Amino acid sequence: MSTMTYLQAISDGLREEMRADERVLLMGEDVGVFGGAFKVTDGFIEEFGADRVMDTPLAESAIVGTAVGAAVVGLRPVCEMQFADFVACGFDQLVNVAGKMHYRQGLAVPITVRLPTGGGFSGGPFHSQNPEAWFMHAPGLKVVAPSTAEDAKGLLIAAIRDPNPVVFCEHKHLYRRVKGDVPAGAYETPFGARVAREGDDLAVIAYGAMVHTALEATANLDGATVRVLDLRSLVPLDEEAILETVRRCSKVVVVDEANATCAAGAQVAALIAEKGFEDLDGPVVRVSTPDVPIAFSPPLEQALLPSVDRIKEACRELLAY
Amino acid sequence: METDTATERSKLAQAAASEHLTPDDRIALLRTMLLMRGVEARAMVLYRQGKVPGSFYDGFGQEAVSVGAAFAMAAEDRLCVLHRDLGAHLVRGVPVERVFAQYMGREGGVTRGRDGNVHFGDKDLGCVGMVSMLPDMMLVATGMAMAFKLRGERRCAITWFGDGSTSRGDFHEAMNWAGVQRLPVVFVLENNQFAYSTPIEQQFAVEPSKRAAAYGFPGVPVDGNDVEAMFEAVRVARERALAGGGPTLIEAKTMRMHGHAAHDDMRYVPKELLEQWRRRDPIDRQVARVRELGVDVEALRALVDEEVEAGVEAALAMPMPDPATAREGVFAEVAEPLGDGLAPWSGFGPDREDDR
């Protein structure tokens with residue numbers, strides 16, 4: 001057990017799997033000599049060589065498409081999109097080729113696609129997005145989004161070992177901001193939710209960076225005890241943990257950093273409306289980013305992303321319902 | 001187009017396009033083309049009878065492209081096959097009844113009713129089925145070749161795509177990636193003159209085979225209606241790939257003799273153009289060669305017809321998929337890589353010509 005940042009934990013998970021399994025290779029733009037735009041793979045090329053830490057042409061469709069080809073002949077590629085936003089250029093390969101392969105032909109595609117997601121530091125409209133819902137809507141893809149260092153490592157290892165294409169959303173704003181104890185060696189974190197803090201009066205359901213925003217917003221909320229459920233996995237979505245949370249708290253705020261329409265939180269709200277209605281004691285309240293591109297200028301960006309204050313306000317209103 | 005077709009055909013008939021083909025190989029090439037045409041003609045009837053749901057796509061007139069190219073690939077090689085290329089599946093060993101069952105959406109089809117027409121690849125035979133977004137599979141084949149190279153294996157990947165594909169970004173991304181990494185992959189551009197209704201004049205300003213030079217590897221125009229020329233071009237490209245020479249783009253010049261799909265009457269294609277290409281039919285050409293070998297071609301046709309009919313009967317007896325299974329199989333429980341297919345070329349016999 002040692003203390004690591006979220007970013008170090010991702011590196012650690014990659015390193016563990018590359019040491020343990022020679023089929024694992026990393027592919028991406030500037031991941032080799034430069035060590036990645038965020039330095040996740042810093043030092044990897046020295047340990048594993050340029051073949052397994054591959055600096056690729058600047059071509060996201062090709063990164064995903066060639067990873068599919070390598071996977072179906074026995075490798076375990078881990079692709080890095082330099083920014084999650086750029087996966088739009090690889091969308092077709094991921095959704096149409098990788099996602100549908102097993103259903104159509106019984107052929108497994110064990111690839112992991114790492115997406116550095118999220119805003120909060122003036123990345124602007126093309127370096128701040130949270131595109132996880134694009135892939136939740138596409139059958140055959142798993143989607144995970146850790147919030148802690150320990151889960152970042154464990155979910156990544158589980159993603160690499162999974163026989164399916166897994167979209168791994170790692171939040172850029174957590175890279176160096178979040179630290180925690182991380183077990184040594186290889187371990188898998190299951191694709192399911194975890195309770196980040198117990199509480200009975202109200203629940204906030206979130207994932208990724210918003211788990212931390214939710215924890216801060218509800219740490220001291222007029223004496224109310226607030227459960228925070230960290231989804232960790234969006235596909236599969238941990239229905240039982242969500243419904244159990246509704247039964248326990250009866251009041252639920254769902255937080256997304258993604259744009260509101262059809263976001264992961266919209267799916268959670270729909271699930272609660274369908275299967276948890278009888279346990280509710282108030283409307284499901286959503287806090288999310290409006291359907292607007294993420295603006296560059298700090299006051300504009302802060303006006304869009306869910307903040308501690310917005311979550312607090314939503315919780316207070318719901319508690320008073 | 002040739003002016004004296006008879007003379008031309010007789011000239012071609014005398015010379016095999018490849019000295020690497022035995023008489024049995026040349027017969028096998030003809031037999032597989034006949035089988036492809038027979039299966040597709042029969043499937044069109046089933047479509048008209050309402051037994052093939054959706055639409056139906058065939059490769060009538062393009063049989064030489066897939067049969068000749070696939071014939072040059074070894075068992076351990078891997079193929080990403082296009083919808084005009086049923087011949088490649090037949091070369092690799094997909095039984096005819098599974099093809100018919102595939103068209104009819106039956107449980108015994110290669111995709112068990114999960115996908116239709118030639119959208120299939122038998123994973124146990126080293127093939128990956130296409131998706132409708134051409135040329136996505138160029139990248140998948142490039143990735144296979146990348147894995148072969150990384151592992152130091154003497155293997156090759158091949159993929160087919162059409163003239164319309166050359167306009168999309170994945171064509172560029174695959175050609176560039178394969179060129180940069182000098183990968184063992186063969187790109188077969190099936191130039192059949194039309195992408196649905198759009199003629200090649202509206203698709204590209206420069207002949208695609210010339211583009212290969214810009215990616216650092218050869219682009220080879222080939223008579224796509226000559227199965228032996230196709231075999232030879234791919235054989236050479238594969239040898240080059242195995243020797244570390246990198247990719248090759250083969251531009252198979254051919255003609256789509258039917259509409260884009262069964263509903264398409266092709267009124268946009270000039271009649272005289274079709275007539276010109278009809279005189280260059282790939283099966284007629286190979287029939288002439290095989291007759292020179294003293295083979296009873298009519299007997300061969302009769303055997304193929306029997307195989308087709310038996311296949312239809314077997315497929316019609318297969319059940320439709322159980323609706324209760326419609327949600328199954330989205331996710332894999334285990335990952336098993338593609339298996340090897342058949343490689344009938346005599347050069348892959350006990351004393352392999354391409355021996356390592």
# chains A, B, ... in the order shown; residues from 1 in each chain; ligands from 1

call {"tool": "closest_atom_pairs", "arguments": {"of": "chain A", "to": "chain B", "cutoff": "7 Å", "atoms": "only C-alpha atoms", "output": "Markdown table"}}
result
| residue | atom | partner | partner_atom | distance |
| --- | --- | --- | --- | --- |
| A:Asp51 | CA | B:Leu150 | CA | 6.6 |
| A:Pro57 | CA | B:Trp177 | CA | 6.7 |
| A:Ala59 | CA | B:Glu173 | CA | 6.5 |
| A:Ser61 | CA | B:Asp170 | CA | 6.9 |
| A:Ala62 | CA | B:Glu173 | CA | 5.8 |
| A:Gly65 | CA | B:Leu139 | CA | 4.9 |
| A:Thr66 | CA | B:Gly143 | CA | 3.5 |
| A:Ala67 | CA | B:Gly143 | CA | 5.8 |
| A:Val68 | CA | B:Val140 | CA | 5.8 |
| A:Gly69 | CA | B:Val140 | CA | 4.0 |
| A:Ala70 | CA | B:Met144 | CA | 4.7 |
| A:Val72 | CA | B:Pro337 | CA | 5.0 |
| A:Val73 | CA | B:Pro337 | CA | 4.9 |
| A:Gly74 | CA | B:Pro337 | CA | 5.2 |
| A:Gln93 | CA | B:Asp136 | CA | 6.9 |
| A:Val97 | CA | B:Val131 | CA | 6.6 |
| A:His102 | CA | B:Val330 | CA | 6.1 |
| A:Tyr103 | CA | B:Val330 | CA | 4.6 |
| A:Arg104 | CA | B:Arg114 | CA | 5.2 |
| A:Gln105 | CA | B:Thr111 | CA | 5.3 |
| A:Leu107 | CA | B:Lys123 | CA | 6.5 |
| A:Ala108 | CA | B:Ala335 | CA | 5.0 |
| A:Pro110 | CA | B:Ala335 | CA | 6.7 |
| A:Pro139 | CA | B:Val330 | CA | 6.9 |
| A:Gly140 | CA | B:Val330 | CA | 5.3 |
| A:Pro163 | CA | B:Ala335 | CA | 5.0 |
| A:Asn164 | CA | B:Ala332 | CA | 6.0 |

call {"tool": "closest_residue", "arguments": {"among": "B:Gly216, B:Gly311, B:Pro184, B:Gly61", "to": "Leu274 in chain B", "atoms": "only C-alpha atoms"}}
result
B:Gly61

call {"tool": "residues_around", "arguments": {"residues": "range 343-349 of chain B", "least_positions_apart": "4", "cutoff": "6 Å", "atoms": "only C-alpha atoms", "output": "ChimeraX atom specification"}}
result
/B:71,74-75,353

call {"tool": "write_last_selection", "arguments": {"atoms": "N, CA and C atoms", "output": "compact mmCIF listing (two decimals), in the first residue's frame"}}
result
# COMPACT_ATOMS: atom_id res chain seq x y z
N PHE B 71 -7.20 -17.04 -52.73
CA PHE B 71 -6.47 -18.27 -53.06
C PHE B 71 -4.96 -18.13 -52.77
N ALA B 74 -2.41 -17.86 -47.04
CA ALA B 74 -2.14 -19.08 -46.28
C ALA B 74 -3.13 -19.24 -45.14
N ALA B 75 -3.18 -20.46 -44.60
CA ALA B 75 -4.13 -20.77 -43.52
C ALA B 75 -3.99 -19.81 -42.34
N GLU B 353 5.95 -23.32 -51.04
CA GLU B 353 6.77 -22.41 -51.86
C GLU B 353 7.26 -21.23 -51.04

call {"tool": "residues_around", "arguments": {"residues": "His173 in chain A", "least_positions_apart": "3", "cutoff": "7 Å", "atoms": "only C-alpha atoms", "output": "MDAnalysis selection string"}}
result
chainID A and resid 118:120 177

call {"tool": "write_last_selection", "arguments": {"atoms": "N, CA and C atoms", "output": "compact mmCIF listing (two decimals), in the first residue's frame"}}
result
# COMPACT_ATOMS: atom_id res chain seq x y z
N GLY A 118 -13.23 15.58 -19.09
CA GLY A 118 -13.62 16.57 -18.10
C GLY A 118 -13.00 17.94 -18.21
N GLY A 119 -13.67 18.87 -17.53
CA GLY A 119 -13.25 20.26 -17.59
C GLY A 119 -12.88 20.81 -16.22
N GLY A 120 -12.80 22.14 -16.18
CA GLY A 120 -12.48 22.79 -14.92
C GLY A 120 -11.20 23.59 -14.96
N ARG A 177 -4.92 16.11 -8.42
CA ARG A 177 -5.65 16.73 -7.31
C ARG A 177 -6.03 15.68 -6.27

call {"tool": "select_by_dssp", "arguments": {"residues": "range 54-214 of chain A", "states": "alpha helix (DSSP H)", "output": "PDB file with C-alpha atoms, in the first residue's frame"}}
result
ATOM      1  CA  GLU A  60      -7.849   8.385 -33.840  1.00  0.00           C
ATOM      2  CA  SER A  61      -9.921   6.223 -36.150  1.00  0.00           C
ATOM      3  CA  ALA A  62      -6.740   4.340 -36.981  1.00  0.00           C
ATOM      4  CA  ILE A  63      -5.734   3.997 -33.345  1.00  0.00           C
ATOM      5  CA  VAL A  64      -9.029   2.332 -32.479  1.00  0.00           C
ATOM      6  CA  GLY A  65      -9.336   0.397 -35.766  1.00  0.00           C
ATOM      7  CA  THR A  66      -5.847  -1.075 -35.675  1.00  0.00           C
ATOM      8  CA  ALA A  67      -6.349  -1.912 -31.996  1.00  0.00           C
ATOM      9  CA  VAL A  68      -9.409  -3.954 -33.002  1.00  0.00           C
ATOM     10  CA  GLY A  69      -7.337  -5.792 -35.610  1.00  0.00           C
ATOM     11  CA  ALA A  70      -4.529  -6.476 -33.149  1.00  0.00           C
ATOM     12  CA  ALA A  71      -7.049  -7.650 -30.528  1.00  0.00           C
ATOM     13  CA  VAL A  72      -8.746 -10.209 -32.762  1.00  0.00           C
ATOM     14  CA  PHE A  91     -16.332   6.968 -32.944  1.00  0.00           C
ATOM     15  CA  ASP A  92     -17.200   4.798 -35.932  1.00  0.00           C
ATOM     16  CA  GLY A  99     -18.997  -2.670 -30.186  1.00  0.00           C
ATOM     17  CA  LYS A 100     -20.973  -4.875 -32.562  1.00  0.00           C
ATOM     18  CA  MET A 101     -18.327  -7.479 -33.298  1.00  0.00           C
ATOM     19  CA  HIS A 102     -19.195 -10.059 -30.674  1.00  0.00           C
ATOM     20  CA  TYR A 103     -22.943  -9.930 -31.186  1.00  0.00           C
ATOM     21  CA  ARG A 104     -22.561 -10.285 -34.964  1.00  0.00           C
ATOM     22  CA  GLN A 105     -19.733 -12.758 -35.247  1.00  0.00           C
ATOM     23  CA  GLU A 132     -19.300   8.797 -21.791  1.00  0.00           C
ATOM     24  CA  ALA A 133     -22.994   8.820 -22.699  1.00  0.00           C
ATOM     25  CA  TRP A 134     -22.170   8.537 -26.419  1.00  0.00           C
ATOM     26  CA  PHE A 135     -20.825   5.092 -25.638  1.00  0.00           C
ATOM     27  CA  MET A 136     -23.422   4.102 -23.054  1.00  0.00           C
ATOM     28  CA  ALA A 149      -6.749   6.482  -7.085  1.00  0.00           C
ATOM     29  CA  GLU A 150      -7.438   2.976  -5.798  1.00  0.00           C
ATOM     30  CA  ASP A 151     -10.343   2.476  -8.190  1.00  0.00           C
ATOM     31  CA  ALA A 152      -8.477   4.037 -11.100  1.00  0.00           C
ATOM     32  CA  LYS A 153      -5.860   1.303 -10.862  1.00  0.00           C
ATOM     33  CA  GLY A 154      -8.253  -1.531 -10.160  1.00  0.00           C
ATOM     34  CA  LEU A 155     -10.781  -0.572 -12.823  1.00  0.00           C
ATOM     35  CA  LEU A 156      -8.046  -0.143 -15.400  1.00  0.00           C
ATOM     36  CA  ILE A 157      -6.643  -3.597 -14.697  1.00  0.00           C
ATOM     37  CA  ALA A 158     -10.130  -5.063 -14.879  1.00  0.00           C
ATOM     38  CA  ALA A 159     -10.712  -3.193 -18.168  1.00  0.00           C
ATOM     39  CA  ILE A 160      -7.539  -4.564 -19.736  1.00  0.00           C
ATOM     40  CA  ARG A 161      -8.451  -8.109 -18.668  1.00  0.00           C
ATOM     41  CA  ALA A 209     -14.839  14.150 -10.577  1.00  0.00           C
ATOM     42  CA  MET A 210     -18.387  14.913  -9.455  1.00  0.00           C
ATOM     43  CA  VAL A 211     -18.049  12.396  -6.623  1.00  0.00           C
ATOM     44  CA  HIS A 212     -15.568  14.752  -4.998  1.00  0.00           C
ATOM     45  CA  THR A 213     -17.712  17.798  -5.677  1.00  0.00           C
ATOM     46  CA  ALA A 214     -20.675  15.963  -4.155  1.00  0.00           C
TER      47      ALA A 214
END

call {"tool": "select_by_dssp", "arguments": {"residues": "range 27-276 of chain A", "states": "strand (DSSP E or B)", "output": "number ranges by chain"}}
result
A: 27-28, 53-55, 76-80, 112-117, 142-144, 166-171, 179-182, 194-197, 202-206, 221, 224, 226-230, 233-235, 252-259
